[in-house]
$ cat upload17.cif   # mmCIF, C-alpha atoms
data_protein
loop_
_atom_site.label_atom_id
_atom_site.label_comp_id
_atom_site.auth_asym_id
_atom_site.auth_seq_id
_atom_site.Cartn_x
_atom_site.Cartn_y
_atom_site.Cartn_z
CA MET W 1 0.00 0.00 0.00
CA ASN W 2 1.13 3.54 -0.75
CA LYS W 3 2.99 5.06 2.21
CA ALA W 4 0.60 8.02 2.59
CA LEU W 5 -2.37 5.63 2.70
CA GLU W 6 -0.55 3.49 5.25
CA THR W 7 -0.13 6.59 7.42
CA LEU W 8 -3.85 7.34 7.22
CA LYS W 9 -4.73 3.76 8.07
CA GLU W 10 -2.29 3.58 10.98
CA ARG W 11 -3.68 6.78 12.49
CA GLY W 12 -7.35 5.82 12.11
CA PHE W 13 -8.32 7.73 8.95
CA PHE W 14 -9.62 4.76 7.01
CA ALA W 15 -13.10 3.25 6.74
CA GLN W 16 -13.93 2.58 3.06
CA CYS W 17 -12.25 3.13 -0.30
CA THR W 18 -13.75 2.70 -3.75
CA ASP W 19 -10.57 0.97 -5.03
CA VAL W 20 -7.71 0.96 -2.55
CA ASP W 21 -5.31 -0.90 -4.86
CA GLY W 22 -5.99 1.45 -7.75
CA LEU W 23 -5.66 4.51 -5.52
CA SER W 24 -2.41 3.18 -4.09
CA ARG W 25 -0.98 2.70 -7.59
CA LYS W 26 -2.12 6.18 -8.61
CA MET W 27 -0.44 7.76 -5.59
CA ASP W 28 2.75 5.79 -6.18
CA GLU W 29 2.96 7.28 -9.68
CA GLY W 30 3.21 10.82 -8.33
CA PRO W 31 1.32 13.57 -6.50
CA VAL W 32 -2.46 13.44 -6.77
CA THR W 33 -4.94 16.25 -6.21
CA PHE W 34 -7.72 15.49 -3.73
CA TYR W 35 -10.45 17.41 -1.96
CA VAL W 36 -12.51 17.56 1.18
CA GLY W 37 -15.63 19.69 1.48
CA CYS W 38 -17.52 21.45 4.23
CA ASP W 39 -20.72 23.50 4.11
CA PRO W 40 -20.74 26.95 5.78
CA THR W 41 -24.10 26.46 7.49
CA GLY W 42 -22.75 28.23 10.59
CA PRO W 43 -20.19 30.93 11.34
CA SER W 44 -17.56 28.48 12.61
CA LEU W 45 -16.37 24.94 12.13
CA HIS W 46 -16.39 22.69 15.18
CA ILE W 47 -13.73 20.14 16.02
CA GLY W 48 -15.78 17.29 14.55
CA HIS W 49 -15.50 18.94 11.12
CA MET W 50 -11.71 18.88 11.33
CA VAL W 51 -10.99 15.15 10.98
CA PRO W 52 -10.73 15.27 7.14
CA PHE W 53 -8.61 18.42 7.35
CA PHE W 54 -6.10 16.68 9.61
CA ALA W 55 -6.01 13.96 6.95
CA LEU W 56 -5.52 16.65 4.31
CA ARG W 57 -2.38 17.81 6.07
CA HIS W 58 -1.00 14.27 6.29
CA LEU W 59 -1.57 13.80 2.56
CA ARG W 60 -0.08 17.20 1.77
CA ASP W 61 2.99 16.37 3.88
CA ALA W 62 3.36 13.23 1.72
CA GLY W 63 3.55 15.45 -1.39
CA HIS W 64 -0.08 15.44 -2.57
CA HIS W 65 -2.22 18.51 -3.29
CA GLY W 66 -5.30 19.27 -1.23
CA ILE W 67 -8.37 21.36 -1.99
CA ALA W 68 -10.60 22.61 0.81
CA LEU W 69 -13.97 23.05 -0.88
CA ILE W 70 -16.23 25.44 1.00
CA GLY W 71 -19.83 24.84 -0.02
CA GLY W 72 -21.18 28.33 -0.59
CA GLY W 73 -23.55 26.72 -3.10
CA THR W 74 -24.52 23.46 -1.38
CA ALA W 75 -25.10 25.29 1.93
CA ARG W 76 -28.15 26.85 0.25
CA ILE W 77 -29.74 23.38 0.43
CA GLY W 78 -28.09 21.49 3.29
CA ASP W 79 -26.77 17.94 3.42
CA PRO W 80 -29.29 15.43 4.89
CA SER W 81 -26.50 13.00 5.81
CA GLY W 82 -26.53 12.27 9.53
CA LYS W 83 -29.42 14.68 10.15
CA THR W 84 -32.75 13.74 11.67
CA GLU W 85 -34.54 16.75 10.20
CA MET W 86 -34.13 19.39 7.53
CA ARG W 87 -31.57 22.10 8.22
CA LYS W 88 -32.85 25.58 8.89
CA MET W 89 -32.51 27.72 5.78
CA ILE W 90 -30.22 30.75 6.14
CA SER W 91 -29.88 33.77 3.87
CA TYR W 92 -27.42 33.85 1.01
CA GLU W 93 -25.75 36.86 2.64
CA GLN W 94 -25.19 34.89 5.84
CA ILE W 95 -23.79 31.96 3.87
CA ASP W 96 -21.33 34.25 2.10
CA ALA W 97 -20.23 35.72 5.44
CA ASN W 98 -19.80 32.22 6.86
CA VAL W 99 -17.69 31.25 3.84
CA GLU W 100 -15.18 34.01 4.59
CA ARG W 101 -14.94 33.14 8.28
CA ILE W 102 -14.50 29.42 7.64
CA LYS W 103 -11.98 30.04 4.88
CA ALA W 104 -9.91 32.09 7.35
CA GLN W 105 -10.12 29.30 9.96
CA LEU W 106 -8.95 26.70 7.45
CA ASP W 107 -6.20 28.94 6.15
CA ARG W 108 -4.80 29.28 9.68
CA PHE W 109 -4.87 25.52 10.16
CA ILE W 110 -3.79 24.37 6.68
CA GLY W 111 -1.85 27.30 5.26
CA PHE W 112 -3.12 27.82 1.72
CA ASP W 113 -0.20 28.37 -0.65
CA GLY W 114 -2.12 28.03 -3.94
CA LYS W 115 -0.39 24.80 -4.94
CA SER W 116 0.00 22.16 -2.23
CA ALA W 117 -3.20 23.41 -0.60
CA PHE W 118 -5.87 25.90 -1.64
CA SER W 119 -9.56 26.59 -1.24
CA ASP W 120 -12.42 26.73 -3.71
CA ASN W 121 -16.11 27.60 -3.44
CA ASN W 122 -18.81 25.57 -5.22
CA LYS W 123 -20.99 28.67 -5.40
CA ASP W 124 -18.86 29.55 -8.44
CA TRP W 125 -20.42 26.75 -10.51
CA LEU W 126 -23.65 25.94 -8.66
CA ALA W 127 -25.25 29.35 -8.14
CA GLY W 128 -25.77 30.01 -11.84
CA LEU W 129 -26.91 26.55 -12.93
CA ASN W 130 -29.87 26.26 -15.29
CA TYR W 131 -32.13 23.71 -13.64
CA ILE W 132 -33.49 22.17 -16.85
CA ASP W 133 -30.03 21.82 -18.37
CA PHE W 134 -28.69 20.36 -15.11
CA LEU W 135 -31.46 17.73 -15.01
CA ARG W 136 -30.83 16.75 -18.63
CA ASP W 137 -27.06 16.61 -18.31
CA ILE W 138 -26.50 15.40 -14.74
CA GLY W 139 -29.81 14.16 -13.35
CA SER W 140 -30.10 11.61 -16.15
CA CYS W 141 -26.98 9.87 -14.77
CA PHE W 142 -28.60 9.06 -11.42
CA SER W 143 -30.82 6.16 -10.42
CA VAL W 144 -33.39 7.05 -7.79
CA ASN W 145 -33.57 3.38 -6.79
CA ARG W 146 -29.83 3.35 -6.08
CA MET W 147 -29.93 6.66 -4.22
CA LEU W 148 -32.56 5.26 -1.89
CA THR W 149 -30.24 2.41 -0.89
CA PHE W 150 -27.83 4.80 0.82
CA GLU W 151 -28.14 5.02 4.59
CA ALA W 152 -28.46 8.82 4.64
CA TYR W 153 -31.65 8.67 2.61
CA LYS W 154 -33.03 5.48 4.14
CA GLN W 155 -32.96 6.96 7.63
CA ARG W 156 -34.53 10.24 6.57
CA LEU W 157 -37.30 8.60 4.56
CA GLU W 158 -38.70 7.27 7.83
CA ARG W 159 -38.89 10.78 9.28
CA GLY W 160 -39.46 12.82 6.14
CA LEU W 161 -37.07 13.89 3.39
CA SER W 162 -37.67 17.07 1.41
CA PHE W 163 -37.19 17.15 -2.35
CA ILE W 164 -34.63 19.93 -2.01
CA GLU W 165 -32.48 17.71 0.24
CA PHE W 166 -32.91 14.80 -2.15
CA ASN W 167 -31.04 16.86 -4.75
CA TYR W 168 -28.00 17.29 -2.50
CA GLN W 169 -26.25 14.14 -3.69
CA LEU W 170 -26.43 15.31 -7.29
CA LEU W 171 -24.81 18.62 -6.36
CA GLN W 172 -21.98 17.04 -4.38
CA ALA W 173 -21.33 14.60 -7.19
CA TYR W 174 -21.26 17.55 -9.58
CA ASP W 175 -18.67 19.23 -7.33
CA PHE W 176 -16.32 16.28 -7.81
CA TYR W 177 -16.97 16.35 -11.55
CA MET W 178 -16.16 20.08 -11.70
CA LEU W 179 -13.06 19.84 -9.52
CA HIS W 180 -11.80 16.97 -11.66
CA GLN W 181 -12.08 19.16 -14.74
CA ARG W 182 -10.85 22.38 -13.11
CA HIS W 183 -7.94 20.97 -11.10
CA ASN W 184 -7.52 17.32 -12.20
CA CYS W 185 -8.81 16.29 -8.78
CA VAL W 186 -8.91 12.47 -8.60
CA LEU W 187 -9.80 11.76 -4.97
CA GLN W 188 -12.51 12.88 -2.56
CA ILE W 189 -12.08 12.22 1.16
CA GLY W 190 -14.57 12.64 3.99
CA GLY W 191 -16.44 11.07 6.89
CA ASP W 192 -18.10 7.71 6.40
CA ASP W 193 -21.54 9.34 6.41
CA GLN W 194 -20.47 10.85 3.06
CA TRP W 195 -19.92 7.46 1.38
CA GLY W 196 -23.07 7.68 -0.74
CA ASN W 197 -22.31 11.22 -1.89
CA ILE W 198 -18.66 10.41 -2.64
CA THR W 199 -19.40 7.25 -4.63
CA ALA W 200 -22.07 9.19 -6.54
CA GLY W 201 -19.35 11.61 -7.66
CA VAL W 202 -17.06 8.76 -8.70
CA ASP W 203 -19.89 7.20 -10.73
CA LEU W 204 -20.82 10.52 -12.34
CA ILE W 205 -17.26 11.13 -13.57
CA ARG W 206 -17.06 7.61 -14.94
CA ARG W 207 -20.38 8.01 -16.76
CA LYS W 208 -19.52 11.43 -18.18
CA LEU W 209 -15.83 10.95 -18.93
CA GLY W 210 -15.39 7.18 -19.16
CA GLY W 211 -12.87 6.70 -16.39
CA THR W 212 -13.54 2.95 -16.13
CA THR W 213 -11.80 1.95 -19.35
CA GLU W 214 -8.12 0.98 -19.56
CA LEU W 215 -7.69 3.47 -22.41
CA ASN W 216 -9.01 6.37 -20.36
CA LYS W 217 -7.13 6.12 -17.07
CA GLU W 218 -6.69 9.90 -16.93
CA HIS W 219 -10.28 10.14 -15.71
CA GLU W 220 -10.01 7.39 -13.09
CA VAL W 221 -11.12 8.79 -9.73
CA PHE W 222 -11.48 7.48 -6.19
CA GLY W 223 -13.27 7.98 -2.90
CA LEU W 224 -11.96 7.41 0.62
CA THR W 225 -13.86 7.77 3.90
CA PHE W 226 -12.90 7.86 7.57
CA PRO W 227 -14.73 6.35 10.53
CA LEU W 228 -17.17 8.69 12.26
CA ILE W 229 -15.39 9.63 15.46
CA THR W 230 -17.18 8.88 18.71
CA ARG W 231 -16.05 9.02 22.33
CA ALA W 232 -15.63 5.96 24.52
CA ASP W 233 -19.13 6.57 25.92
CA GLY W 234 -20.59 6.33 22.40
CA LYS W 235 -21.45 10.02 22.11
CA LYS W 236 -20.34 12.26 19.24
CA MET W 237 -16.80 13.52 19.56
CA GLY W 238 -16.64 17.29 20.08
CA LYS W 239 -20.00 17.59 21.85
CA THR W 240 -20.35 18.90 25.42
CA GLU W 241 -23.23 19.85 27.67
CA LYS W 242 -22.77 23.39 26.32
CA GLY W 243 -22.90 22.20 22.71
CA ALA W 244 -20.23 21.78 20.04
CA VAL W 245 -16.56 22.61 20.59
CA PHE W 246 -16.10 25.40 18.05
CA LEU W 247 -12.89 26.72 16.53
CA ASP W 248 -14.02 30.33 16.91
CA PRO W 249 -12.73 31.50 20.33
CA ALA W 250 -15.76 33.79 20.64
CA MET W 251 -17.97 30.69 20.60
CA THR W 252 -15.70 28.32 22.55
CA SER W 253 -12.98 30.06 24.54
CA VAL W 254 -9.43 28.82 24.00
CA PHE W 255 -9.34 27.71 27.63
CA ASP W 256 -12.60 25.73 27.32
CA PHE W 257 -11.24 24.23 24.10
CA PHE W 258 -8.08 23.15 25.95
CA GLN W 259 -10.08 21.76 28.85
CA TYR W 260 -12.28 19.69 26.54
CA TRP W 261 -9.23 17.69 25.47
CA ARG W 262 -7.75 17.66 28.98
CA ASN W 263 -10.90 15.98 30.26
CA VAL W 264 -11.44 13.27 27.64
CA ALA W 265 -11.90 9.69 28.85
CA ASP W 266 -8.76 7.64 29.40
CA ALA W 267 -9.86 5.21 26.69
CA ASP W 268 -9.92 8.00 24.07
CA VAL W 269 -6.48 9.52 24.62
CA ARG W 270 -4.41 7.42 22.21
CA LYS W 271 -7.06 7.53 19.49
CA PHE W 272 -7.30 11.31 19.72
CA LEU W 273 -3.51 11.75 19.79
CA LEU W 274 -3.37 9.79 16.52
CA LEU W 275 -6.21 11.70 14.87
CA PHE W 276 -5.81 15.24 16.17
CA THR W 277 -2.06 15.71 16.48
CA PHE W 278 0.91 15.27 14.19
CA LEU W 279 3.10 13.55 16.76
CA PRO W 280 4.82 10.43 15.37
CA VAL W 281 3.11 7.16 16.26
CA GLY W 282 6.17 5.96 18.15
CA GLU W 283 6.18 9.07 20.32
CA ILE W 284 2.46 8.67 21.00
CA ASP W 285 3.07 5.10 22.16
CA GLN W 286 5.78 6.35 24.52
CA ILE W 287 3.46 9.04 25.89
CA MET W 288 0.79 6.41 26.53
CA GLN W 289 3.22 4.31 28.59
CA GLY W 290 3.39 7.10 31.17
CA ASP W 291 0.83 8.86 33.35
CA VAL W 292 -2.52 9.16 31.61
CA ASN W 293 -3.12 12.67 32.98
CA ALA W 294 0.19 13.82 31.53
CA ALA W 295 -0.90 12.28 28.22
CA LYS W 296 -4.20 14.19 28.37
CA GLU W 297 -2.33 17.42 29.07
CA ARG W 298 -0.08 16.77 26.07
CA LEU W 299 -3.13 16.03 23.91
CA ALA W 300 -4.82 19.26 25.01
CA TYR W 301 -1.68 21.28 24.35
CA GLU W 302 -1.02 19.79 20.91
CA VAL W 303 -4.58 20.17 19.60
CA THR W 304 -4.88 23.71 20.97
CA LYS W 305 -1.55 24.59 19.37
CA GLU W 306 -2.72 23.32 15.97
CA ILE W 307 -6.03 25.18 16.09
CA HIS W 308 -5.20 28.37 18.01
CA GLY W 309 -1.41 28.65 17.80
CA LYS W 310 1.47 28.02 20.19
CA ASP W 311 1.04 31.21 22.24
CA GLU W 312 -2.61 30.50 23.03
CA ALA W 313 -1.81 26.87 23.85
CA GLU W 314 0.89 27.99 26.29
CA LYS W 315 -1.55 30.38 27.98
CA ALA W 316 -4.22 27.70 28.32
CA LEU W 317 -1.71 25.22 29.72
CA SER W 318 -0.43 27.79 32.21
CA GLY W 319 -3.96 28.68 33.29
CA ALA W 320 -4.83 25.02 33.84
CA LYS W 321 -1.71 24.46 35.93
CA ALA W 322 -2.51 27.54 38.02
CA ALA W 323 -6.03 26.29 38.68
CA PHE W 324 -5.31 22.64 39.31
CA GLY W 325 -1.64 22.32 40.12
CA GLY W 326 -0.75 25.43 42.07
CA ALA W 327 1.77 26.46 39.41
CA GLY W 328 1.42 28.42 36.19
CA ASP W 329 0.02 31.89 35.63
CA LYS W 330 -3.36 32.88 37.04
CA ALA W 331 -3.64 35.58 34.38
CA SER W 332 -4.10 32.79 31.83
CA MET W 333 -7.26 31.53 33.54
CA PRO W 334 -10.75 32.46 32.33
CA THR W 335 -11.32 35.77 34.13
CA VAL W 336 -14.38 37.69 35.27
CA GLU W 337 -14.41 41.24 36.67
CA LEU W 338 -16.81 41.96 39.53
CA ALA W 339 -17.39 45.09 41.62
CA ARG W 340 -15.25 45.45 44.77
CA ALA W 341 -18.26 46.94 46.55
CA ASP W 342 -20.10 43.61 46.29
CA PHE W 343 -17.38 41.92 48.34
CA GLU W 344 -16.95 44.72 50.85
CA ALA W 345 -20.41 43.91 52.16
CA GLY W 346 -20.06 40.19 51.44
CA MET W 347 -21.46 38.38 48.40
CA ASN W 348 -23.69 35.35 48.75
CA VAL W 349 -21.92 32.28 47.39
CA CYS W 350 -24.85 31.37 45.08
CA ASP W 351 -24.87 34.91 43.68
CA LEU W 352 -21.13 34.60 43.09
CA TYR W 353 -21.48 31.42 41.06
CA PHE W 354 -24.30 32.92 39.04
CA SER W 355 -22.34 36.15 38.42
CA THR W 356 -19.30 34.25 37.19
CA LYS W 357 -21.53 32.17 34.88
CA LEU W 358 -20.13 28.97 36.35
CA CYS W 359 -23.78 28.17 37.03
CA ALA W 360 -26.54 29.05 34.58
CA THR W 361 -29.10 29.75 37.31
CA LYS W 362 -29.08 30.44 41.03
CA SER W 363 -30.92 27.16 41.53
CA ASP W 364 -28.01 25.40 39.83
CA ALA W 365 -25.65 27.27 42.16
CA ARG W 366 -27.56 26.14 45.24
CA ARG W 367 -27.45 22.53 44.10
CA LEU W 368 -23.71 22.79 43.41
CA VAL W 369 -23.03 24.14 46.90
CA GLN W 370 -25.29 21.59 48.60
CA GLN W 371 -23.62 18.73 46.72
CA GLY W 372 -20.13 19.84 47.82
CA GLY W 373 -18.89 21.05 44.44
CA ALA W 374 -18.14 24.67 45.37
CA SER W 375 -14.81 26.10 46.51
CA VAL W 376 -13.27 29.58 46.63
CA ASN W 377 -9.49 29.91 46.79
CA GLY W 378 -9.29 26.26 47.74
CA ALA W 379 -11.78 26.45 50.62
CA ALA W 380 -14.84 24.25 50.25
CA ILE W 381 -18.23 25.91 50.79
CA SER W 382 -21.29 23.80 51.57
CA ASP W 383 -23.63 26.41 53.12
CA VAL W 384 -25.91 28.12 50.58
CA LYS W 385 -26.13 31.13 52.92
CA ALA W 386 -22.35 31.62 53.10
CA VAL W 387 -20.90 34.92 51.94
CA VAL W 388 -17.57 35.63 50.25
CA SER W 389 -15.89 38.88 51.28
CA LEU W 390 -12.59 40.69 50.85
CA LYS W 391 -11.05 38.77 53.75
CA ASP W 392 -11.42 35.59 51.66
CA ALA W 393 -9.34 37.01 48.78
CA ASP W 394 -5.88 35.64 48.08
CA SER W 395 -2.65 37.59 48.42
CA ASP W 396 -3.34 39.30 45.09
CA GLY W 397 -6.79 40.41 46.23
CA GLU W 398 -8.46 37.94 43.84
CA PHE W 399 -10.59 34.80 43.97
CA VAL W 400 -10.29 31.47 42.14
CA VAL W 401 -13.82 30.07 42.05
CA LYS W 402 -14.26 26.39 41.20
CA ALA W 403 -17.36 24.42 40.27
CA GLY W 404 -16.61 20.73 40.62
CA LYS W 405 -13.30 19.41 39.35
CA LYS W 406 -13.30 20.86 35.85
CA LYS W 407 -14.92 24.31 35.79
CA PHE W 408 -13.39 27.40 37.35
CA CYS W 409 -12.62 31.06 36.82
CA ARG W 410 -10.53 33.85 38.29
CA VAL W 411 -12.40 36.81 39.77
CA VAL W 412 -10.66 40.19 39.80
CA LEU W 413 -12.17 43.25 41.43
CA ARG W 414 -12.78 46.59 39.81
#
$ encode --input "upload17.cif" --output "structure tokens"
Amino acid sequence: MNKALETLKERGFFAQCTDVDGLSRKMDEGPVTFYVGCDPTGPSLHIGHMVPFFALRHLRDAGHHGIALIGGGTARIGDPSGKTEMRKMISYEQIDANVERIKAQLDRFIGFDGKSAFSDNNKDWLAGLNYIDFLRDIGSCFSVNRMLTFEAYKQRLERGLSFIEFNYQLLQAYDFYMLHQRHNCVLQIGGDDQWGNITAGVDLIRRKLGGTTELNKEHEVFGLTFPLITRADGKKMGKTEKGAVFLDPAMTSVFDFFQYWRNVADADVRKFLLLFTFLPVGEIDQIMQGDVNAAKERLAYEVTKEIHGKDEAEKALSGAKAAFGGAGDKASMPTVELARADFEAGMNVCDLYFSTKLCATKSDARRLVQQGGASVNGAAISDVKAVVSLKDADSDGEFVVKAGKKKFCRVVLR
């Protein structure tokens, strides 16, 4: 097997391939151009979207050329794959704004240089399509019976599938067809829930350009999917009680992003080090032979560094050590400013937890205190009527407020 494919398989980026032997031979012959797509249905990607983009970087490092296709056109419809109901429609203006934000996020992570990696937008060829011409030219290549065999459609048929969503597979297949002609793209990669859409693109190119014959190997194309990543508890990777773990620090703070990885289950650490870092496999195995908490800290640091940069990763690491280890820099912790006057008179502990947003409601704060999960500057508080005053501040005149073992913030006075 081609070395780049072996790397993907070893690190967990391999579920299905349309023709692994043919793809391996193609990649052995020289660099291939491949693509991975994402739809800008929101203002930020979340970490679950990033699995194919980590694979993109591995393939690029092996000498291949990657395209990040941002679906400014397909986002107008929405992919039904993995969805239990139709996506909410958003305005074209919002989609265009999302495209720019997501392109910037991917550029920071991938580093578009125009050759080994670059972006494209399917709005360029989808927005102006003539529907009748598209049906004649492209729709005639699709079998409805075959489309209905794919899991994405089978699941949705039970709950209701709109006609607009039913068209999505044709559009994604057309993307592959267009990228093949525009950039000689011969491989599409993505999550395993995209298998039906990816194979539809492979079939469309073969039907239109004859890539199945020995005399027409220049149009031979391939599809490769990765396992859908779940946590050890079976839940979707990248989901928390607050929602998705977003790349945008305004939606998920860098510190919360770091802490998500720091708090993963022991059983997930090696898998996530393989998927979400670029550490060599041998080094990962060495890390896993040591303390699991040290391994989690390394995972959190490496992923945060890749997404937010080294400086932000260092700050998050320092803040975590200050909160949990007594070392590090408190200034790197999540920080809230509260009025000094509130503490001069004494602030009720439940009001404090509500004001810091460590608890969503005062009722939540009362339950936290009663259950023994509240502490201020290391002192446990179990009385819901307790007050926190200036005499409870640390030597810097501040407070470190903790909710349970994982949530905390630094309170400074103004």
$ resolve_selection --input "upload17.cif" --expression "the PyMOL selection byres ((chain W and resi 262-269) around 6)" --output "ChimeraX atom specification"
/W:259-261,270-272,296-297,300
$ residues_near_point --input "upload17.cif" --point "(-28.0, 12.8, -11.5)" --cutoff "10 Å" --atoms "all atoms listed in the file" --output "ChimeraX atom specification"
/W:134-144,147,167,169-171,173-174,200-201,203-204
$ closest_residue --input "upload17.cif" --among "W:Ser119, W:Thr149, W:Gly319, W:Gly71" --to "W:Asp96" --atoms "all atoms listed in the file"
W:Gly71
$ atom_distance --input "upload17.cif" --atom1 "atom CA of W:Glu398" --atom2 "atom CA of W:Ala374"
16.5 Å
$ closest_residue --input "upload17.cif" --among "W:Ser389, W:Glu314, W:Gly238, W:Gly378" --to "W:Gly346" --atoms "only C-alpha atoms"
W:Ser389
$ residues_near_point --input "upload17.cif" --point "(-23.6, 31.8, 1.3)" --cutoff "9 Å" --atoms "all atoms listed in the file" --output "PyMOL selection string"
chain W and resi 40-41+71-76+90-99+123
$ build_atoms --input "upload17.cif" --residues "stretch 289-296 of chain W" --atoms "all heavy atoms" --output "JSON list (two decimals), in the frame of the given file"
[["chain", "number", "residue", "atom", "x", "y", "z"],
["W", 289, "GLN", "N", 2.64, 5.19, 27.59],
["W", 289, "GLN", "CA", 3.22, 4.31, 28.59],
["W", 289, "GLN", "C", 3.36, 5.00, 29.94],
["W", 289, "GLN", "O", 3.57, 4.35, 30.96],
["W", 289, "GLN", "CB", 4.58, 3.80, 28.12],
["W", 289, "GLN", "CG", 4.49, 2.82, 26.96],
["W", 289, "GLN", "CD", 5.85, 2.42, 26.41],
["W", 289, "GLN", "OE1", 6.88, 2.75, 27.00],
["W", 289, "GLN", "NE2", 5.86, 1.73, 25.28],
["W", 290, "GLY", "N", 3.26, 6.34, 29.94],
["W", 290, "GLY", "CA", 3.39, 7.10, 31.17],
["W", 290, "GLY", "C", 2.05, 7.40, 31.81],
["W", 290, "GLY", "O", 1.05, 6.73, 31.57],
["W", 291, "ASP", "N", 2.04, 8.46, 32.63],
["W", 291, "ASP", "CA", 0.83, 8.86, 33.35],
["W", 291, "ASP", "C", -0.25, 9.33, 32.39],
["W", 291, "ASP", "O", 0.02, 10.15, 31.51],
["W", 291, "ASP", "CB", 1.19, 9.98, 34.34],
["W", 291, "ASP", "CG", -0.02, 10.49, 35.07],
["W", 291, "ASP", "OD1", -0.61, 9.72, 35.84],
["W", 291, "ASP", "OD2", -0.39, 11.65, 34.85],
["W", 292, "VAL", "N", -1.46, 8.84, 32.55],
["W", 292, "VAL", "CA", -2.52, 9.16, 31.61],
["W", 292, "VAL", "C", -2.90, 10.64, 31.69],
["W", 292, "VAL", "O", -3.28, 11.25, 30.68],
["W", 292, "VAL", "CB", -3.75, 8.25, 31.82],
["W", 292, "VAL", "CG1", -4.47, 8.58, 33.13],
["W", 292, "VAL", "CG2", -4.72, 8.36, 30.65],
["W", 293, "ASN", "N", -2.80, 11.25, 32.87],
["W", 293, "ASN", "CA", -3.12, 12.67, 32.98],
["W", 293, "ASN", "C", -2.09, 13.53, 32.27],
["W", 293, "ASN", "O", -2.44, 14.55, 31.67],
["W", 293, "ASN", "CB", -3.24, 13.07, 34.45],
["W", 293, "ASN", "CG", -4.52, 12.55, 35.08],
["W", 293, "ASN", "OD1", -5.59, 12.69, 34.52],
["W", 293, "ASN", "ND2", -4.40, 11.91, 36.23],
["W", 294, "ALA", "N", -0.84, 13.11, 32.30],
["W", 294, "ALA", "CA", 0.19, 13.82, 31.53],
["W", 294, "ALA", "C", -0.08, 13.67, 30.04],
["W", 294, "ALA", "O", 0.13, 14.61, 29.26],
["W", 294, "ALA", "CB", 1.57, 13.27, 31.88],
["W", 295, "ALA", "N", -0.56, 12.50, 29.63],
["W", 295, "ALA", "CA", -0.90, 12.28, 28.22],
["W", 295, "ALA", "C", -2.06, 13.17, 27.80],
["W", 295, "ALA", "O", -2.07, 13.72, 26.69],
["W", 295, "ALA", "CB", -1.24, 10.80, 28.00],
["W", 296, "LYS", "N", -3.06, 13.32, 28.68],
["W", 296, "LYS", "CA", -4.20, 14.19, 28.37],
["W", 296, "LYS", "C", -3.74, 15.64, 28.25],
["W", 296, "LYS", "O", -4.22, 16.38, 27.38],
["W", 296, "LYS", "CB", -5.26, 14.06, 29.45],
["W", 296, "LYS", "CG", -5.99, 12.74, 29.47],
["W", 296, "LYS", "CD", -7.04, 12.72, 30.58],
["W", 296, "LYS", "CE", -7.72, 11.38, 30.69],
["W", 296, "LYS", "NZ", -8.77, 11.38, 31.73]]
